[in-house]
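Novice: Right, I'll just put the structure down here and ask away after.
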2 protein chains.
Amino acid sequence: MTTTKPSKQTALRTHTCGELNASNNGQTVTLTGWVDSKRNHGGVLFINLRDLYGVTQVVAGPDSPVFKTAEEAKSEYVLRVTGSVRPRPGANANKNMPTGEIEIEAADITVLNVSQPLPFDLGEHAGVLEETRLKYRFLDLRRPLMAHNLVLRSRLSQVVRNYLYSLDFNEIETPMLTRSTPEGARDFVVPSRNAPGEFYALPQSPQQFKQVLMMSGMDRYFQLARNFRDEELRSDRQPEHTQIDLEMSFVDEQDVARVVEGLMGEIFAHIGEQISGPFPEIEFTDVMLKYGSDKPDLRYALEIKDCSSLFKDSQFKVFSGALADGGAVRAIKGEKAAAFSRGDMDKLTELVKKHGAKGLVWLRFKDGKWESPTLKFMTEPELAGLKTLLDVNEGDAVFLAADKPVIAAPCLGALRNELIARLKPAPIKKWAFLWVRHFPLLEKDAESGHWTFAHNPFTAPLPEEAHKLDTDPGNIRSCQYDLVLNGVELGSGSVRNHTRAIQEKIFALMGYDKEQVQRRFGMIVNAMDFGAPPHGGIGMGYDRLIGIICGTESIRDVIAFPKTTSGACLMSDAPSAIDEGQLKELHLKITE
Amino acid sequence: MTTTKPSKQTALRTHTCGELNASNNGQTVTLTGWVDSKRNHGGVLFINLRDLYGVTQVVAGPDSPVFKTAEEAKSEYVLRVTGSVRPRPGANANKNMPTGEIEIEAADITVLNVSQPLPFDLGEHAGVLEETRLKYRFLDLRRPLMAHNLVLRSRLSQVVRNYLYSLDFNEIETPMLTRSTPEGARDFVVPSRNAPGEFYALPQSPQQFKQVLMMSGMDRYFQLARNFRDEELRSDRQPEHTQIDLEMSFVDEQDVARVVEGLMGEIFAHIGEQISGPFPEIEFTDVMLKYGSDKPDLRYALEIKDCSSLFKDSQFKVFSGALADGGAVRAIKGEKAAAFSRGDMDKLTELVKKHGAKGLVWLRFKDGKWESPTLKFMTEPELAGLKTLLDVNEGDAVFLAADKPVIAAPCLGALRNELIARLKPAPIKKWAFLWVRHFPLLEKDAESGHWTFAHNPFTAPLPEEAHKLDTDPGNIRSCQYDLVLNGVELGSGSVRNHTRAIQEKIFALMGYDKEQVQRRFGMIVNAMDFGAPPHGGIGMGYDRLIGIICGTESIRDVIAFPKTTSGACLMSDAPSAIDEGQLKELHLKITE
C-alpha cells in the first residue's frame with residue numbers, strides 16, 4: 001500500500017508483513033500480524049501472516065521447536081514470529097505477492113492473542129449481509145479492500161490539505177455546538193444542561209461561520225468539516241458526513257472554480273489520473289434543456305433536442321396541444337434502442353409518467369423504416385426532420401416528450417439515465433466534471449406563496465441582475481454553481497451577498513420580518529454592518545468523492561463506522577436509552 | 001505572516017497588502033482591504049489599507065480624482081484601490097513595516113462595503129471586556145494577534161499531520177454520533193427522531209473507536225478529533241475541544257513516547273524552538289514525592305525533600321505525631337523567601353490548609369540566623385541538617401509539612417506553585433517536557449467501595465504486575481503515562497489491555513457484571529474476542545498546546561468561536577429554544 005520505512009519498526013517487530021524480499025535473505029527478522037491462512041503440506045506448516053501492509057509466508061517444519069505453537073494457531077490469531085528470511089524454492093515463488101520471493105523460517109512464535117472463529121470469512125464479500133458486516137465492523141475493516149478505502153481516504157485528505165495550504169488557505173475549526181438555523185434540512189439538537197429548555201444544534205454546514213471568518217478578514221478558509229442532517233435516511237445518506245469546505249475573500253466565481261479545478265487535479269493525480277481545468281461550464285437553464293437534469297452524467301454524449309419547430313404544424317394532438325399550451329416537444333435518441341421490446345417501451349413510459357409526463361412517444365428505426373404506435377400521426381417531413389436532427393441510424397430509437405419545460409426536462413433526464421443504464425454506451429471520458437452555473441436566485445414556495453432561496457439564502461444575485469430584486473425577483477440568475485462529476489453533485493457554492501442591503505431585500509422577499517432575520521441569521525447580518533468583504537466559496541462532499549474514486553456502491557464503504565439507513569450503529573448499538581438522572585438534569589421528559 | 005505568492009491574486013486584486021516593496025516601484029497594482037487608519041497631513045490623505053497579510057499605505061492628494069472617495073472612507077470600510085507603487089520619501093519610510101518602503105498613489109478607489117463605527121477599537125485589547133469581544137467575535141478576529149493565533153494553529157495542524165503521515169499513520173474519522181459511555185465526565189446527548197426515547201452521545205474522546213481500529217488491523221491511526229464534555233465549565237474549559245489523538249499497534253510505552261517526542265520536535269521547530277527527546281521520565285510515586293503534583297512545572301528546579309529522618313527524634317508534636325502516624329515530614333525551600341512578611345506566611349498557611357494540611361511550619365534564614373514561631377521546637381542538629389539538605393543560604397526560607405503522604409504531597413505541590421508565582425525564579429529551561437509514568441491502575445472509590453480506574457478503564461497493568469489483579473489490585477502500576485509541558489498536562493495515554501481475560505478482571509474489580517460490561521463497553525470487549533493486537537496510544541489537548549505556544553491566558557484566544565464559561569456563544573446566541581413541533585418529533589417535553 002505504501003513503501004515501508006524503518007519507522008514502522010516497534011518494540012514488537014523489526015519489519016512489517018509487506019516489506020521483505022530477496023534482498024533480506026539471511027536476515028533474522030521479527031514480524032507481527034494475524035494468521036490469514038494456514039496449510040499443512042506434507043507435514044510442513046505454512047502460515048500466511050497478515051498485517052495492513054501485506055502478507056508474508058511463515059514456515060515451520062515437523063522438527064521445528066515452534067511446530068506445536070504453529071499447529072495450534074488458528075485463523076486470526078495474533079502472532080509474533082522471529083525467524084530468518086530465506087528464498088522460496090524457485091517453483092514456489094509467488095510473483096503475485098510482493099513478498100512472494102521469500103519466506104520466514106520460524107525460530108520463535110509467540111501467540112499474542114487468540115481469536116474465536118470469525119462470523120464470516122474475510123476473503124468473501126458479496127455473500128455477507130451488510131448488517132453482519134456493520135455489526136462486526138472491526139472484522140469487516142480487516143478486508144484488504146476496506147482497509148485500502150480508508151487508507152486512500154486518509155491520504156487524499158492530506159493531498160487536499162497540502163494543496164489548499166499551498167494556496168495560503170488556513171484550516172479553521174468551526175463549532176459543532178451551534179445555533180439551530182433553518183437551512184433546509186432538520187437539525188440534530190443537543191439539550192443544554194446550563195440553560196434548561198434550550199438546545200444547541202449540530203451544524204448542517206459551517207456556512208455561516210465561514211462567512212463570518214471572511215468578515216473577520218481571514219481571507220482564505222478551509223476545513224474538512226463534519227456536517228449533520230437529521231433527514232429521512234435514503235439508501236446512501238448518512239446522518240453525519242464530511243465536506244471539503246472552503247471560502248475566499250475578494251473573489252468572483254471563476255477564482256473559486258480555478259482553486260477547485262486545481263484541487264481535483266491534485267486528488268486525481270494521486271490516483272494516477274490526469275484531470276485539468278477549466279472544466280466545462282453550462283448555464284442552469286441550458287443543462288435542463290440539454291440533459292433534463294442539473295447533474296447530468298457527461299461521460300455519455302446523449303443529448304436532448306428540441307423538436308418543437310419540426311412539429312409546429314403537427315396534427316398529433318399530443319404535440320399540438322402541448323405546443324399550444326406553451327410547452328415543447330423534445331426528443332432523445334437511443335442508439336441501438338430499436339432492439340427494445342414492447343415491454344421495455346412500456347417500462348420507459350412508466351418511468352416518464354412517474355416524473356409527471358402524460359406519456360412517451362417512441363419510434364424505432366428498423367430495416368430503414370420507422371415503426372411506432374403513433375406513426376400515423378406523423379408526416380414524412382416531420383420524420384425526415386427528426387432523423388436529421390437526431391442523426392438517427394439503423395437500429396436506433398427516438399423518444400419524444402411533449403409537455404411544459406418543467407415537466408419535459410426531468411422526464412427526459414430520467415429517461416436519459418435509464419437509456420445509459422440499459423444501452424451501456426461507451427463513455428467518451430472517464431471523469432466528466434462539469435460546472436452548472438447561474439441557478440435561479442429564488443423560487444416560489446408553493447405553500448406559503450413567498451419566494452424561497454433555490455440553494456442558499458446567502459447566495460448573491462448576478463450583479464447585472466440584482467436590480468430585478470425590486471421588479472422581477474423570479475427571473476434573477478444567481479452566482480450559485482454546482483460541481484458535478486459523473487452524474488453526481490459533488491459540491492455546491494456561490495459568491496455570497498456581502499452587503500446588508502441586498503441580503504435584507506432577499507430575506508424580505510422570503511417573507512422574514514426583522515425579528516425573524518435577527519433570530520435566524522443575526523450573527524451574519526450583524527457582521528455585515530462592519531465591513532464585510534466580497535467573498536465566495538464551495539462545499540464538496542468528501543464521502544461522495546471518495547466513493548466515486550474507490551468505485552464503491554455505497555458511501556458506507558468509505559466511512560470507517562457508518563450508520564445504517566435507520567441511523568443505527570450496529571457495532572456500538574447507538575442510539576440508546578440514557579438514565580433518568582441524566583434526563584432530569586437536562587429538564588427533559590420522554591413522551592409517547 | 002507568510003510569504004506572498006502570486007496565487008493570492010484574484011479577480012479583485014493583483015496583490016495583497018503585505019507583499020509590496022521597493023522592487024515593485026512603478027508597477028500598477030490593485031489592492032483590497034480594510035481602512036485600518038486614515039490621516040490628513042497637510043491636505044494629503046494617507047490611508048493604511050489592511051488585510052490578513054499586512055498593511056499598505058495609500059495616498060490621495062488634494063487634486064486626486066479619488067480624493068473625495070478617500071475622504072469619505074471611514075474606519076473598516078472595505079476598499080479596492082488601484083494605483084502605482086512609488087517609494088516613500090526617505091524620511092517617511094517605515095522600517096517597522098514590511099511594506100514601509102513604498103506607498104500606493106491611488107488612481108482609483110472603489111468602496112466595496114461600508115462599516116458602522118466599531119463597538120471597540122481594534123488596536124486596544126486589555127481595555128475591552130471579553131464579553132464584548134465574544135459578541136463581536138468577527139471584529140475581535142481582525143486584530144492581528146488573534147488572526148496570528150488562528151493562522152499558527154492552522155499551520156501547526158499541518159505540521160502535526162505531515163509528521164504523522166511520514167510515519168505511516170492514517171487519519172481516520174470516527175463518528176460524532178456515538179453511544180453514551182461512562183468515561184468520567186458527563187456526555188452531551190442528541191435525541192434520535194427515528195428511535196424515540198433513545199439518544200446518541202457526542203464523543204468525549206475517540207478512545208473506543210481508535211482501539212477498535214487497532215483491532216481491525218489499521219496499525220497506526222491518528223485524528224485531530226473534536227471531543228465534548230458537558231462539565232461544569234471552569235475558567236479555561238470549553239464544552240468542545242480538539243485533541244491530537246493517536247494509536248499504534250504492536251508497541252510498548254517507549255514506542256509511543258518516541259513518536260510524540262518527534263512530533264513535539266517538529267511543532268516547536270516550526271516556531272523556531274529546538275526540542276528533542278527523549279523527554280525526562282519520572283514515576284508517578286516519585287513525582288508526587290518530589291513535586292507534590294503529577295504535572296509539575298519543571299521549568300523551575302524547586303524540589304520537595306523528605307526530612308523525616310532528620311526529625312525522627314523530634315520533640316515537636318506536629319512532627320512526631322505525623323511520623324508516629326505513618327506520615328512524613330517534607331520540606332521545600334523558597335529562595336530569597338525570607339523577605340516574605342508574616343502576612344505572606346499566613347496566606348501560604350491558608351493555602352496548604354485548603355489542600356488538607358493542619359498547618360505549615362516555616363523558617364526564615366536571615367542574617368545568618370533562623371527565625372520561626374516554631375524555632376523553639378527544633379534542635380541545632382535538626383536545623384543544621386535542614387540547612388544542608390535544602391542548601392539553605394542567607395535570605396532563604398524553608399517550609400515544612402508533616403502529614404500523611406497523600407496530604408503532604410498536594411499541599412507542598414500547591415505551595416511549590418505559589419512560591420514560583422511569588423518568587424519568579426529564573427527558569428532553567430523554556431520548555432519543560434516530562435513523562436509521568438506508571439500511574440496506579442486502580443483506585444478505591446470512596447462511595448461504592450469498588451475499585452475504579454485511575455485514568456482509563458482500558459489501560460493495561462504493567463505486565464510484571466498483572467498477577468496482582470487477583471491478590472493486591474490496589475498496588476498495581478499501570479502502563480499509563482501523562483505528557484506534561486510547563487506544568488500543564490498536555491496529554492494522557494497508555495498501552496491498552498488487548499486480551500479479554502485481563503480486561504474482564506479489571507471490570508470485575510470495578511464491580512461491573514457481565515450485562516453492564518456488555519452495555520457499556522460491548523463494542524470493545526466483543527472485538528477483543530477476535531484477535532486484538534497489543535496496542536497503545538495517547539490523546540493530547542491541541543487547544544492547550546497552541547495556547548501555551550501562543551502564550552495566551554485562555555484557550556479561548558486560540559479557538560475561533562469559543563463558548564463562555566456558561567457554555568454560551570455570544571455571537572450566535574446558542575443555545576436557544578427550538579419550536580414545539582421539533583420537540584414533538586423528538587418525543588420530548590421540557591420539564592421544570
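By order in the C-alpha cells, chains are A, B, ...; within a chain, residues start at 1; ligands start at 1, following the order shown.
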Residues of region 343-447 of chain A in alpha helix (DSSP H) according to DSSP, as a VMD selection string?
Specialist: chain A and resid 343 to 354 380 to 390 405 to 423
Novice: As a PyMOL selection string, please: every residue in region 260-307 of chain A that DSSP puts in strand (DSSP E or B).
Specialist: chain A and resi 281-283+305-306
Novice: Which value, in Å to one decimal, gives the distance between CA of Ala532 (chain B) and CA of Leu246 (chain B)?
Specialist: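 A separation of 17.0 Å between them.
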Novice: Taking only C-alpha atoms into account, which of B:Ala414, B:Leu118, B:Lys210, B:Val66 comes nearest Ile524 (chain B)?
Specialist: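 Counting only C-alpha atoms, the residue closest to Ile524 (chain B) is B:Lys210.
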Novice: With distances taken over only C-alpha atoms, which of B:Met248, B:Leu375, B:Ile47, B:Leu485 is nearest to Glu261 (chain B)?
Specialist: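 Closest to Glu261 (chain B) of all the choices is B:Leu485.
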Novice: Using only C-alpha atoms, which of the listed residues (B:Leu586, B:Val488, B:Ala408, B:Leu348) sits closest to chain A?
Specialist: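 Of the candidates, the smallest distance to chain A is held by B:Leu586.
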Novice: Separation of CA of Arg137 (chain B) and CA of Phe530 (chain A), in Å?
Specialist: 11.7 Å
Novice: When distances are computed from only C-alpha atoms, which of A:Ile548, A:Leu152, A:Val352, A:Leu129 shows the smallest separation from Ile271 (chain A)?
Specialist: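 Once distances to Ile271 (chain A) are computed over only C-alpha atoms, the minimum belongs to A:Leu152.
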Novice: Leaving out Ala195 (chain A) and any residue of its chain fewer than 6 positions from it, which residues lie within 12 Å of it when counting only C-alpha atoms, given as an MDAnalysis selection string?
Specialist: (chainID A and resid 585:588) or (chainID B and resid 566:568 573:577 590 592)
